[in-house]
file input_29.txt (compact mmCIF, C-alpha atoms and all ligand atoms)
# COMPACT_ATOMS: atom_id res chain seq x y z
CA MET A 1 -36.48 29.71 -31.55
CA TRP A 2 -33.55 29.84 -29.23
CA ALA A 3 -33.42 31.79 -26.02
CA THR A 4 -31.22 34.73 -25.19
CA ALA A 5 -28.08 33.37 -26.75
CA ALA A 6 -25.83 34.36 -29.60
CA ILE A 7 -25.36 31.81 -32.32
CA PRO A 8 -23.13 31.96 -35.37
CA LYS A 9 -24.64 31.48 -38.81
CA THR A 10 -22.38 30.43 -41.63
CA VAL A 11 -22.21 32.70 -44.65
CA PRO A 12 -20.92 30.74 -47.68
CA LEU A 13 -18.56 32.84 -49.79
CA VAL A 14 -16.24 32.10 -52.67
CA THR A 15 -13.18 33.56 -54.29
CA THR A 16 -12.64 32.93 -57.98
CA GLU A 17 -9.43 31.22 -58.96
CA GLN A 18 -10.10 31.39 -62.64
CA ILE A 19 -12.79 32.61 -64.96
CA GLU A 20 -13.12 31.79 -68.63
CA ALA A 21 -15.80 32.32 -71.19
CA THR A 22 -16.43 31.10 -74.68
CA ILE A 23 -18.52 32.53 -77.44
CA THR A 24 -19.34 30.45 -80.50
CA VAL A 25 -20.90 32.22 -83.48
CA ASN A 26 -22.06 30.24 -86.46
CA GLY A 27 -19.61 27.42 -85.71
CA LYS A 28 -16.60 29.62 -85.00
CA ILE A 29 -15.24 29.48 -81.44
CA TYR A 30 -13.74 32.68 -80.02
CA GLU A 31 -11.09 32.67 -77.33
CA PHE A 32 -11.07 34.27 -73.90
CA MET A 33 -8.74 37.30 -73.67
CA GLN A 34 -8.32 37.31 -77.45
CA ASP A 35 -11.86 38.12 -78.56
CA LEU A 36 -13.75 38.40 -75.32
CA TYR A 37 -13.49 38.80 -71.57
CA CYS A 38 -15.75 39.13 -68.56
CA PHE A 39 -15.23 39.69 -64.83
CA SER A 40 -15.57 37.17 -62.04
CA ARG A 41 -17.63 39.60 -59.96
CA GLY A 42 -21.14 39.83 -61.32
CA SER A 43 -20.88 36.79 -63.56
CA GLY A 44 -22.69 33.54 -62.90
CA PHE A 45 -22.23 30.19 -64.56
CA THR A 46 -24.11 30.46 -67.78
CA GLU A 47 -24.92 28.88 -71.01
CA TYR A 48 -27.09 30.63 -73.56
CA LEU A 49 -27.84 28.85 -76.76
CA ASN A 50 -29.50 30.88 -79.50
CA ASN A 51 -31.29 33.00 -76.98
CA LYS A 52 -33.20 35.87 -78.60
CA ALA A 53 -30.65 38.58 -79.36
CA LEU A 54 -30.74 42.20 -80.45
CA PHE A 55 -28.21 44.70 -81.64
CA LEU A 56 -29.37 47.76 -79.71
CA GLY A 57 -27.17 50.62 -80.92
CA TYR A 58 -25.31 52.29 -78.09
CA GLY A 59 -27.57 50.86 -75.37
CA ILE A 60 -28.55 54.35 -74.20
CA ASP A 61 -31.84 55.61 -72.83
CA ASP A 62 -31.72 59.39 -72.66
CA PRO A 63 -34.30 62.13 -73.35
CA LYS A 64 -32.17 63.24 -76.32
CA TYR A 65 -31.52 59.78 -77.74
CA SER A 66 -32.93 56.38 -76.81
CA ASP A 67 -32.05 52.94 -78.15
CA TYR A 68 -34.68 51.41 -75.89
CA ALA A 69 -37.72 53.54 -76.80
CA GLY A 70 -40.44 51.23 -78.05
CA LYS A 71 -38.24 48.12 -77.76
CA ASP A 72 -38.60 45.15 -75.45
CA ALA A 73 -35.24 44.05 -74.08
CA ASN A 74 -36.71 41.68 -71.52
CA GLY A 75 -35.13 38.22 -71.64
CA GLN A 76 -32.89 39.21 -74.56
CA VAL A 77 -29.17 39.08 -75.10
CA LEU A 78 -28.12 42.59 -76.18
CA LEU A 79 -25.16 43.62 -78.30
CA ILE A 80 -24.24 47.29 -77.92
CA LEU A 81 -21.53 49.72 -78.98
CA ALA A 82 -19.25 51.44 -76.49
CA GLY A 83 -19.50 55.22 -76.18
CA GLU A 84 -22.28 57.38 -77.66
CA PRO A 85 -23.50 58.71 -81.02
CA THR A 86 -21.03 61.26 -82.30
CA ARG A 87 -20.93 63.39 -85.48
CA LYS A 88 -17.99 63.29 -87.83
CA ASP A 89 -16.41 66.34 -86.20
CA GLY A 90 -16.49 64.61 -82.80
CA THR A 91 -19.56 66.43 -81.46
CA SER A 92 -21.75 64.23 -79.29
CA TRP A 93 -25.45 64.11 -80.28
CA LEU A 94 -26.22 63.99 -76.57
CA THR A 95 -24.17 66.86 -75.18
CA GLY A 96 -23.95 68.96 -78.35
CA SER A 97 -20.26 69.45 -77.63
CA LYS A 98 -17.03 67.48 -77.79
CA GLU A 99 -17.49 66.56 -74.13
CA PRO A 100 -18.85 63.02 -73.78
CA SER A 101 -22.00 62.44 -71.74
CA VAL A 102 -22.26 60.33 -68.61
CA TRP A 103 -23.19 57.37 -70.87
CA THR A 104 -19.57 57.29 -71.95
CA THR A 105 -17.83 58.33 -68.76
CA ASP A 106 -19.73 56.09 -66.31
CA TRP A 107 -19.38 52.47 -67.44
CA ARG A 108 -21.95 51.32 -64.87
CA LYS A 109 -24.78 53.27 -66.45
CA LYS A 110 -25.40 51.12 -69.52
CA ILE A 111 -24.99 47.92 -67.51
CA ASP A 112 -27.49 49.01 -64.84
CA LEU A 113 -29.92 50.09 -67.53
CA ALA A 114 -29.76 46.80 -69.44
CA ARG A 115 -30.19 44.88 -66.18
CA ASN A 116 -33.19 46.98 -65.22
CA LYS A 117 -34.70 46.38 -68.67
CA GLY A 118 -34.50 42.64 -67.96
CA ALA A 119 -31.70 41.74 -70.39
CA LYS A 120 -30.22 38.28 -69.90
CA ALA A 121 -26.74 39.21 -71.04
CA LEU A 122 -24.98 42.25 -72.41
CA LEU A 123 -22.30 42.10 -75.09
CA VAL A 124 -20.30 45.32 -75.23
CA LEU A 125 -18.34 45.83 -78.43
CA THR A 126 -14.85 46.79 -77.30
CA PRO A 127 -12.38 48.08 -79.91
CA GLN A 128 -8.87 46.58 -79.64
CA LEU A 129 -10.19 43.90 -77.39
CA ALA A 130 -7.02 41.83 -76.88
CA LYS A 131 -5.09 44.93 -75.77
CA LYS A 132 -7.88 46.06 -73.47
CA ALA A 133 -8.10 42.54 -71.98
CA GLN A 134 -4.41 42.69 -71.05
CA GLU A 135 -4.92 46.07 -69.36
CA MET A 136 -7.85 44.67 -67.37
CA LYS A 137 -6.14 41.37 -66.53
CA SER A 138 -5.73 41.98 -62.79
CA TYR A 139 -9.43 42.86 -62.47
CA ILE A 140 -10.70 40.01 -64.63
CA ASN A 141 -9.21 37.41 -62.33
CA ASN A 142 -8.77 39.06 -58.97
CA PRO A 143 -8.41 36.45 -56.20
CA GLU A 144 -9.01 39.16 -53.56
CA ILE A 145 -12.60 39.58 -54.61
CA MET A 146 -15.08 37.69 -52.50
CA GLN A 147 -18.64 37.00 -53.49
CA LEU A 148 -21.59 35.31 -51.93
CA GLU A 149 -21.55 31.77 -53.25
CA ALA A 150 -25.14 32.23 -54.40
CA ASP A 151 -24.13 35.21 -56.55
CA ALA A 152 -21.07 33.46 -57.96
CA ILE A 153 -23.10 30.51 -59.17
CA GLY A 154 -26.06 32.61 -60.30
CA ARG A 155 -28.44 31.24 -57.66
CA ASN A 156 -29.38 34.31 -55.71
CA PRO A 157 -33.13 34.75 -56.22
CA LYS A 158 -32.95 38.39 -55.11
CA ALA A 159 -30.12 39.45 -57.39
CA LYS A 160 -31.05 40.25 -60.96
CA MET A 161 -28.42 38.27 -62.78
CA MET A 162 -27.07 39.65 -66.00
CA ASN A 163 -23.73 38.59 -67.44
CA VAL A 164 -21.62 41.16 -69.24
CA PHE A 165 -19.25 40.08 -72.01
CA TYR A 166 -16.79 42.47 -73.63
CA VAL A 167 -16.42 41.35 -77.26
CA SER A 168 -14.28 42.13 -80.31
CA ASP A 169 -15.38 43.54 -83.68
CA ALA A 170 -14.86 40.05 -85.08
CA ILE A 171 -17.57 38.60 -82.82
CA ALA A 172 -19.93 41.52 -83.42
CA ASP A 173 -19.50 41.35 -87.18
CA ARG A 174 -20.10 37.62 -87.32
CA LEU A 175 -23.27 38.07 -85.28
CA LEU A 176 -24.46 40.97 -87.44
CA ARG A 177 -23.43 39.41 -90.79
CA LYS A 178 -23.57 41.78 -93.79
CA LYS A 179 -24.46 44.92 -91.94
CA THR A 180 -21.27 45.11 -89.90
CA ALA A 181 -20.82 46.87 -86.58
CA GLU A 182 -19.07 49.68 -88.37
CA TYR A 183 -21.97 50.09 -90.80
CA CYS A 184 -24.44 50.25 -87.90
CA GLN A 185 -22.30 52.68 -85.96
CA GLN A 186 -21.90 55.04 -88.92
CA ARG A 187 -25.59 54.95 -89.64
CA ILE A 188 -26.35 56.07 -86.08
CA ASN A 189 -23.54 58.60 -85.96
CA GLN A 190 -24.63 60.28 -89.19
CA SER A 191 -28.30 60.56 -88.33
CA GLY A 192 -28.24 60.85 -84.55
CA LYS A 193 -31.13 58.34 -84.63
CA PRO A 194 -31.21 54.88 -83.08
CA TYR A 195 -30.82 51.81 -85.28
CA MET A 196 -31.64 48.30 -84.15
CA ARG A 197 -31.20 44.85 -85.68
CA ARG A 198 -32.46 41.43 -84.72
CA ILE A 199 -29.66 38.88 -84.58
CA LYS A 200 -30.54 35.62 -86.32
CA THR A 201 -27.07 34.04 -86.48
CA PRO A 202 -26.79 30.88 -84.36
CA TYR A 203 -24.55 31.41 -81.35
CA SER A 204 -23.80 30.25 -77.83
CA LEU A 205 -22.29 31.94 -74.77
CA GLU A 206 -20.74 30.13 -71.87
CA ILE A 207 -18.98 31.10 -68.64
CA GLN A 208 -16.86 28.66 -66.64
CA LYS A 209 -15.30 29.39 -63.26
CA LYS A 210 -12.99 27.69 -60.84
CA ILE A 211 -14.08 28.81 -57.41
CA ASN A 212 -12.74 28.28 -53.91
CA PRO A 213 -15.22 28.15 -51.08
CA LEU A 214 -14.65 29.95 -47.83
CA SER A 215 -17.03 30.75 -45.07
CA VAL A 216 -17.48 33.44 -42.47
CA GLU A 217 -20.14 33.88 -39.84
CA ASN A 218 -22.79 36.37 -38.92
CA VAL A 219 -23.52 36.23 -35.21
CA LEU A 220 -27.16 36.38 -34.15
CA GLY A 221 -28.18 37.32 -30.64
CA TYR A 222 -31.93 36.99 -30.25
CA ILE A 223 -33.80 38.59 -27.38
CA GLU A 224 -37.37 37.42 -27.57
CA GLY A 225 -40.02 40.05 -26.97
CA SER A 226 -42.25 39.86 -23.90
CA ASP A 227 -45.58 40.50 -25.63
CA ALA A 228 -47.31 37.36 -26.94
CA VAL A 229 -48.25 39.03 -30.24
CA LEU A 230 -45.67 41.79 -30.73
CA LYS A 231 -42.76 39.42 -30.17
CA ASN A 232 -43.24 38.24 -33.75
CA GLU A 233 -41.95 41.61 -34.87
CA VAL A 234 -38.26 42.39 -34.61
CA VAL A 235 -35.84 45.31 -34.54
CA ILE A 236 -32.46 44.33 -35.96
CA ILE A 237 -29.36 46.14 -34.75
CA THR A 238 -26.20 45.59 -36.78
CA ALA A 239 -22.51 46.47 -36.86
CA HIS A 240 -19.85 44.74 -38.92
CA TYR A 241 -17.10 42.92 -37.04
CA ASP A 242 -14.76 42.34 -39.99
CA HIS A 243 -12.10 44.82 -41.06
CA LEU A 244 -9.27 44.83 -43.59
CA GLY A 245 -7.02 42.25 -41.91
CA ILE A 246 -3.29 42.19 -42.49
CA GLU A 247 -1.86 43.61 -45.71
CA HIS A 248 1.84 43.68 -46.60
CA GLY A 249 2.66 42.86 -42.98
CA ASN A 250 0.60 45.76 -41.60
CA THR A 251 -2.24 45.04 -39.21
CA TYR A 252 -5.35 47.07 -39.85
CA TYR A 253 -6.92 47.27 -36.38
CA GLY A 254 -10.21 48.88 -37.23
CA ALA A 255 -10.84 50.20 -33.71
CA ASP A 256 -13.35 52.75 -35.00
CA ASP A 257 -14.28 50.80 -38.17
CA ASP A 258 -16.04 48.93 -36.76
CA GLY A 259 -14.72 47.91 -33.33
CA SER A 260 -16.74 50.84 -32.00
CA GLY A 261 -20.00 49.49 -33.44
CA THR A 262 -19.24 45.96 -32.31
CA VAL A 263 -18.75 46.93 -28.67
CA ALA A 264 -21.81 49.17 -28.87
CA LEU A 265 -23.81 46.06 -29.86
CA LEU A 266 -22.50 44.18 -26.82
CA GLU A 267 -23.55 47.00 -24.49
CA ILE A 268 -26.98 47.26 -26.10
CA ALA A 269 -27.43 43.49 -25.89
CA GLN A 270 -26.51 43.59 -22.22
CA ALA A 271 -28.95 46.41 -21.48
CA PHE A 272 -31.87 44.62 -23.17
CA THR A 273 -30.98 41.33 -21.50
CA GLN A 274 -30.79 43.03 -18.10
CA ALA A 275 -34.18 44.66 -18.67
CA LYS A 276 -35.62 41.27 -19.55
CA ALA A 277 -34.07 39.65 -16.47
CA ASP A 278 -35.71 42.39 -14.38
CA GLY A 279 -39.09 41.53 -15.88
CA LYS A 280 -39.17 44.68 -18.04
CA GLY A 281 -38.02 43.23 -21.34
CA PRO A 282 -38.94 44.84 -24.69
CA LYS A 283 -42.35 43.91 -26.12
CA ARG A 284 -41.02 43.26 -29.61
CA SER A 285 -38.03 41.04 -30.22
CA ILE A 286 -34.53 42.36 -30.72
CA LEU A 287 -31.96 40.76 -32.97
CA ILE A 288 -28.41 41.88 -32.26
CA MET A 289 -26.40 40.93 -35.32
CA PRO A 290 -22.66 41.50 -35.73
CA VAL A 291 -22.18 40.82 -39.44
CA ALA A 292 -19.16 39.68 -41.44
CA GLY A 293 -17.81 40.65 -44.85
CA GLU A 294 -18.88 44.31 -44.86
CA GLU A 295 -15.56 45.50 -46.20
CA LYS A 296 -15.79 42.99 -49.06
CA GLY A 297 -19.09 44.39 -50.27
CA LEU A 298 -21.70 44.20 -47.47
CA LEU A 299 -21.68 40.41 -47.89
CA GLY A 300 -22.81 39.23 -44.44
CA SER A 301 -25.84 41.52 -44.30
CA ARG A 302 -26.72 40.71 -47.90
CA TYR A 303 -26.59 37.01 -47.15
CA TYR A 304 -29.06 37.62 -44.35
CA THR A 305 -31.49 39.72 -46.41
CA ASP A 306 -31.14 37.97 -49.80
CA ILE A 307 -30.57 34.33 -48.95
CA GLN A 308 -31.43 33.44 -45.39
CA PRO A 309 -33.45 35.89 -43.31
CA ILE A 310 -33.78 33.93 -40.07
CA LEU A 311 -36.75 36.06 -39.07
CA PRO A 312 -39.15 37.06 -41.87
CA LEU A 313 -38.26 40.41 -43.46
CA LYS A 314 -41.93 41.39 -43.45
CA ASN A 315 -41.87 41.21 -39.63
CA THR A 316 -38.65 43.21 -39.44
CA ILE A 317 -39.78 46.70 -38.50
CA ALA A 318 -36.43 48.52 -38.61
CA ASN A 319 -32.68 48.16 -38.85
CA LEU A 320 -30.36 50.37 -36.81
CA ASN A 321 -26.84 50.08 -38.15
CA ILE A 322 -23.75 51.30 -36.33
CA ASP A 323 -20.60 51.74 -38.37
CA MET A 324 -17.90 53.98 -36.82
CA ILE A 325 -19.11 55.86 -33.74
CA GLY A 326 -15.93 56.17 -31.64
CA ARG A 327 -14.13 59.14 -33.18
CA VAL A 328 -14.44 62.84 -33.98
CA ASP A 329 -13.99 63.99 -37.58
CA ASP A 330 -12.41 67.26 -38.81
CA GLU A 331 -15.80 68.93 -39.17
CA HIS A 332 -16.41 68.88 -35.42
CA THR A 333 -14.43 70.02 -32.40
CA ASP A 334 -15.83 67.51 -29.93
CA GLY A 335 -17.64 64.19 -29.92
CA ASN A 336 -21.07 65.55 -29.04
CA TYR A 337 -22.51 64.84 -32.49
CA ILE A 338 -23.41 61.99 -34.78
CA TYR A 339 -24.22 61.81 -38.47
CA VAL A 340 -27.69 60.34 -38.95
CA ILE A 341 -28.23 58.90 -42.40
CA GLY A 342 -31.35 57.41 -43.96
CA SER A 343 -33.72 57.94 -41.00
CA ASP A 344 -36.43 59.75 -43.01
CA LYS A 345 -36.04 57.93 -46.30
CA LEU A 346 -38.60 55.19 -45.65
CA SER A 347 -40.36 56.28 -42.48
CA LYS A 348 -40.79 59.80 -41.15
CA GLU A 349 -41.94 58.18 -37.93
CA LEU A 350 -38.58 56.50 -37.45
CA HIS A 351 -36.85 59.82 -37.98
CA ASN A 352 -39.03 61.44 -35.30
CA ILE A 353 -38.48 58.60 -32.82
CA ASN A 354 -34.71 59.02 -33.10
CA GLU A 355 -35.01 62.80 -32.66
CA THR A 356 -37.26 62.44 -29.63
CA ALA A 357 -34.94 59.90 -28.01
CA ASN A 358 -32.07 62.29 -28.54
CA GLN A 359 -33.93 65.30 -27.10
CA ARG A 360 -34.93 63.33 -24.02
CA TYR A 361 -31.76 61.48 -23.23
CA THR A 362 -28.61 62.13 -25.18
CA ARG A 363 -28.71 65.68 -26.56
CA LEU A 364 -26.23 65.01 -29.33
CA ASN A 365 -26.00 67.34 -32.29
CA LEU A 366 -27.67 65.27 -35.01
CA ASP A 367 -25.88 66.09 -38.24
CA TYR A 368 -27.88 65.31 -41.39
CA ARG A 369 -25.50 66.62 -44.03
CA PHE A 370 -24.77 63.15 -45.47
CA ASN A 371 -28.48 62.37 -45.68
CA ALA A 372 -28.88 64.72 -48.67
CA GLU A 373 -30.30 62.92 -51.70
CA ASN A 374 -27.41 63.87 -53.99
CA ASP A 375 -24.56 63.63 -51.48
CA PRO A 376 -21.51 62.60 -53.52
CA ASN A 377 -20.18 60.33 -50.75
CA ARG A 378 -23.22 58.04 -51.15
CA PHE A 379 -22.85 56.79 -47.53
CA TYR A 380 -26.48 55.66 -47.61
CA TYR A 381 -25.43 52.87 -49.99
CA ARG A 382 -22.18 52.02 -48.28
CA SER A 383 -22.90 50.11 -45.12
CA ASP A 384 -25.01 47.14 -44.03
CA HIS A 385 -28.29 48.99 -43.44
CA TYR A 386 -28.62 49.41 -47.21
CA ASN A 387 -29.46 45.72 -47.64
CA PHE A 388 -32.43 46.23 -45.33
CA ALA A 389 -33.43 49.54 -46.92
CA LYS A 390 -33.57 47.98 -50.38
CA ASN A 391 -36.17 45.60 -48.93
CA ARG A 392 -38.17 48.64 -47.79
CA ILE A 393 -37.28 48.16 -44.14
CA PRO A 394 -36.75 51.57 -42.47
CA VAL A 395 -33.14 52.11 -41.40
CA ILE A 396 -30.89 54.49 -39.53
CA PHE A 397 -27.17 54.54 -40.12
CA TYR A 398 -25.14 56.04 -37.23
CA PHE A 399 -21.71 57.28 -38.30
CA ASN A 400 -19.01 59.67 -37.03
CA GLY A 401 -17.56 60.49 -40.44
CA VAL A 402 -14.20 59.66 -41.92
CA HIS A 403 -10.88 60.80 -40.45
CA ALA A 404 -7.16 60.51 -41.21
CA ASP A 405 -7.03 56.99 -39.74
CA TYR A 406 -9.95 55.68 -41.80
CA HIS A 407 -8.90 52.39 -43.43
CA GLN A 408 -5.33 52.86 -42.16
CA PRO A 409 -3.26 50.70 -39.77
CA SER A 410 -3.47 53.71 -37.43
CA ASP A 411 -7.20 53.20 -36.65
CA THR A 412 -6.25 52.11 -33.14
CA VAL A 413 -8.01 51.81 -29.83
CA GLU A 414 -6.28 54.57 -27.82
CA LYS A 415 -7.78 57.12 -30.21
CA ILE A 416 -11.33 56.20 -29.31
CA ASP A 417 -13.36 58.93 -27.60
CA TYR A 418 -15.20 56.83 -25.02
CA GLU A 419 -17.53 59.58 -23.88
CA ALA A 420 -18.73 60.04 -27.46
CA LEU A 421 -18.97 56.29 -27.99
CA LYS A 422 -21.09 55.93 -24.86
CA LYS A 423 -23.57 58.67 -25.73
CA ARG A 424 -24.00 57.53 -29.31
CA THR A 425 -24.55 53.95 -28.15
CA GLN A 426 -27.18 55.21 -25.72
CA LEU A 427 -28.98 56.99 -28.56
CA VAL A 428 -29.18 53.76 -30.55
CA PHE A 429 -30.45 51.92 -27.48
CA TYR A 430 -33.18 54.47 -26.66
CA THR A 431 -34.33 54.52 -30.27
CA ALA A 432 -34.46 50.71 -30.36
CA TRP A 433 -36.28 50.71 -27.03
CA ASP A 434 -39.00 52.99 -28.37
CA LEU A 435 -39.31 50.98 -31.60
CA ALA A 436 -39.65 47.75 -29.63
CA ASN A 437 -42.24 49.02 -27.15
CA ARG A 438 -44.62 51.38 -29.00
CA PRO A 439 -48.13 49.98 -29.47
CA GLN A 440 -48.15 50.17 -33.29
CA ARG A 441 -45.22 49.20 -35.46
CA ILE A 442 -43.74 52.16 -37.32
CA LYS A 443 -45.29 52.99 -40.67
CA VAL A 444 -43.42 52.69 -43.95
CA ASP A 445 -44.23 55.80 -46.00
ZN ZN B 1 -17.15 50.12 -41.63
call {"tool": "encode", "arguments": {"input": "input_29.txt", "output": "structure tokens"}}
result
Amino acid sequence: MWATAAIPKTVPLVTTEQIEATITVNGKIYEFMQDLYCFSRGSGFTEYLNNKALFLGYGIDDPKYSDYAGKDANGQVLLILAGEPTRKDGTSWLTGSKEPSVWTTDWRKKIDLARNKGAKALLVLTPQLAKKAQEMKSYINNPEIMQLEADAIGRNPKAKMMNVFYVSDAIADRLLRKKTAEYCQQRINQSGKPYMRRIKTPYSLEIQKKINPLSVENVLGYIEGSDAVLKNEVVIITAHYDHLGIEHGNTYYGADDDGSGTVALLEIAQAFTQAKADGKGPKRSILIMPVAGEEKGLLGSRYYTDIQPILPLKNTIANLNIDMIGRVDDEHTDGNYIYVIGSDKLSKELHNINETANQRYTRLNLDYRFNAENDPNRFYYRSDHYNFAKNRIPVIFYFNGVHADYHQPSDTVEKIDYEALKKRTQLVFYTAWDLANRPQRIKVD
């Protein structure tokens, strides 16, 4: 362990220069962009040779219609149809109207489902594939997309890897042999009942990628706790220090997003370090961690939680994450508020500690509107704390809300409300202080 010092930790990332995939069915090789495509994000390097495969209808699991009921998709390669079962007159069997269900409108839904069912790969039959591939070209090979190296090469033990291939009728038919995709589709559409087939045709799937490495750094400032036993437990305080950079000659300053959180971390680090120097340091340890790559998909924090937690996650009692705390949004007339998100989701105790700290010291208006379970903004999933929460570590996300300068070159420093920034930073500090010093670690509900 190192003393009170901040050290950088390299986070290996990659961009993808080129992705290609090949599918061979019964000796016939199909070409990328002609008969199939896949995306660089979410695809590993892969080779599947005659893995167990199933045609699983529309790949839907709904109370009204389920392709998965009674089936075991675990470890299988699945071939599914796009869309949903529909009668001849265009009425969906799911909605009972001509309106499609969410299984058609939200492309993520079938993918998430197949992944959760343990599928190894998903083949989605895509009509007019070559045309669709051209439309998707800029997304298929997008050099702007960054990934953790471990994800890009399929070596992240914490990420459930499932490759998705979009395939033509020609591929599907050759896999299905006599009972063509069209036959299967009509059978389902006419009856409104699922229809499954085992695929026995020999085949192989392969993904190749040309990747370029690049690396960024998380910074870790460790303040060791003063108690001989409790110091093994840690409170992690995060804010991301990356922003959008320069685009088309415009500098995106990111004063609020997340310059505000980054300077808050420095102040909090200084306060804890001062307390320690005065012989009154926190009993538990504190890890101050400015993270990189948030704007590219929470990459720095995910590297820490998925690949290399420097301190064991089981000893990590909470994460307080600060992302935008220097401004006032349109919903409020002054800066005497803060949105608190996630505080009660894993530990009611954490929620109460934050409220008590606020009543005693900062008296901010704690606004919980974005904490609602079905909030359409989904902020709970959108900043670095989420990577801790998904590991069942209680979190609080402190946030001032979006404003006209959000993700604009005009997010500049003279617009920061320093009085608000100071009070909100103090709230995070007092909450961390309580977490670090209470006799028992907070309970996970
Ligand atoms: Zn941010």
call {"tool": "residues_around", "arguments": {"input": "input_29.txt", "residues": "stretch 77-80 of chain A", "least_positions_apart": "2", "cutoff": "10 Å", "atoms": "all atoms listed in the file", "output": "PyMOL selection string"}}
result
chain A and resi 48+50-60+67+73-75+82-83+110+114+118-126+162-167+172+175-176+181+185+196-199+205
call {"tool": "closest_residue", "arguments": {"input": "input_29.txt", "among": "A:Asp330, A:Glu149, A:Asp62, A:Asp306", "to": "A:Lys390", "atoms": "only C-alpha atoms"}}
result
A:Asp306
call {"tool": "residues_near_ligand", "arguments": {"input": "input_29.txt", "ligand": "ligand ZN 1 (chain B)", "cutoff": "6 Å", "atoms": "all atoms listed in the file", "output": "PyMOL selection string"}}
result
chain A and resi 257-258+323
call {"tool": "closest_residue", "arguments": {"input": "input_29.txt", "among": "A:Gln308, A:Ser301, A:Gln186, A:Thr431", "to": "A:Arg360", "atoms": "all atoms listed in the file"}}
result
A:Thr431
call {"tool": "closest_residue", "arguments": {"input": "input_29.txt", "among": "A:Pro282, A:Pro394, A:Pro127, A:Pro376", "to": "A:Asn319", "atoms": "all atoms listed in the file"}}
result
A:Pro394
call {"tool": "atom_distance", "arguments": {"input": "input_29.txt", "atom1": "atom CA of A:Asn374", "atom2": "atom CA of A:Gly96"}}
result
25.1 Å
call {"tool": "residues_around", "arguments": {"input": "input_29.txt", "residues": "A:Asn321", "least_positions_apart": "3", "cutoff": "10 Å", "atoms": "only C-alpha atoms", "output": "list in words"}}
result
Ile236, Ile237, Thr238, Ala239, His240, Gly261, Leu265, Met289, Pro290, Ala318, Met324, Ile341, Ser383, Asp384, His385, Tyr386, Phe388, Val395, Ile396, Phe397, Tyr398, Phe399 and Val428 of chain A
call {"tool": "closest_residue", "arguments": {"input": "input_29.txt", "among": "A:Ser343, A:Asn189, A:Ile416, A:Lys71", "to": "A:Asp89", "atoms": "only C-alpha atoms"}}
result
A:Asn189
call {"tool": "closest_residue", "arguments": {"input": "input_29.txt", "among": "A:Gln18, A:Thr95, A:Ser260, A:Asn218", "to": "A:Leu299", "atoms": "only C-alpha atoms"}}
result
A:Asn218
call {"tool": "atom_distance", "arguments": {"input": "input_29.txt", "atom1": "atom CA of A:Lys178", "atom2": "atom CA of A:Tyr37"}}
result
24.6 Å
call {"tool": "closest_residue", "arguments": {"input": "input_29.txt", "among": "A:Arg177, A:Lys160, A:Arg392, A:Lys283", "to": "A:Glu224", "atoms": "all atoms listed in the file"}}
result
A:Lys283
call {"tool": "build_atoms", "arguments": {"input": "input_29.txt", "residues": "stretch 215-225 of chain A", "atoms": "N, CA and C atoms", "output": "compact mmCIF listing (two decimals), keeping the file's coordinate frame"}}
result
# COMPACT_ATOMS: atom_id res chain seq x y z
N SER A 215 -15.82 30.33 -45.76
CA SER A 215 -17.03 30.75 -45.07
C SER A 215 -16.70 31.63 -43.89
N VAL A 216 -17.58 32.56 -43.63
CA VAL A 216 -17.48 33.44 -42.47
C VAL A 216 -18.79 33.30 -41.72
N GLU A 217 -18.93 34.03 -40.63
CA GLU A 217 -20.14 33.88 -39.84
C GLU A 217 -20.75 35.21 -39.44
N ASN A 218 -22.05 35.32 -39.60
CA ASN A 218 -22.79 36.37 -38.92
C ASN A 218 -23.09 35.82 -37.53
N VAL A 219 -23.16 36.69 -36.54
CA VAL A 219 -23.52 36.23 -35.21
C VAL A 219 -24.90 36.79 -34.88
N LEU A 220 -25.79 35.94 -34.42
CA LEU A 220 -27.16 36.38 -34.15
C LEU A 220 -27.50 36.22 -32.68
N GLY A 221 -27.76 37.35 -32.04
CA GLY A 221 -28.18 37.32 -30.64
C GLY A 221 -29.64 37.73 -30.57
N TYR A 222 -30.48 36.76 -30.20
CA TYR A 222 -31.93 36.99 -30.25
C TYR A 222 -32.48 37.21 -28.86
N ILE A 223 -33.15 38.31 -28.67
CA ILE A 223 -33.80 38.59 -27.38
C ILE A 223 -35.29 38.60 -27.66
N GLU A 224 -35.95 37.57 -27.24
CA GLU A 224 -37.37 37.42 -27.57
C GLU A 224 -38.22 38.46 -26.85
N GLY A 225 -39.15 39.03 -27.56
CA GLY A 225 -40.02 40.05 -26.97
C GLY A 225 -40.94 39.46 -25.91
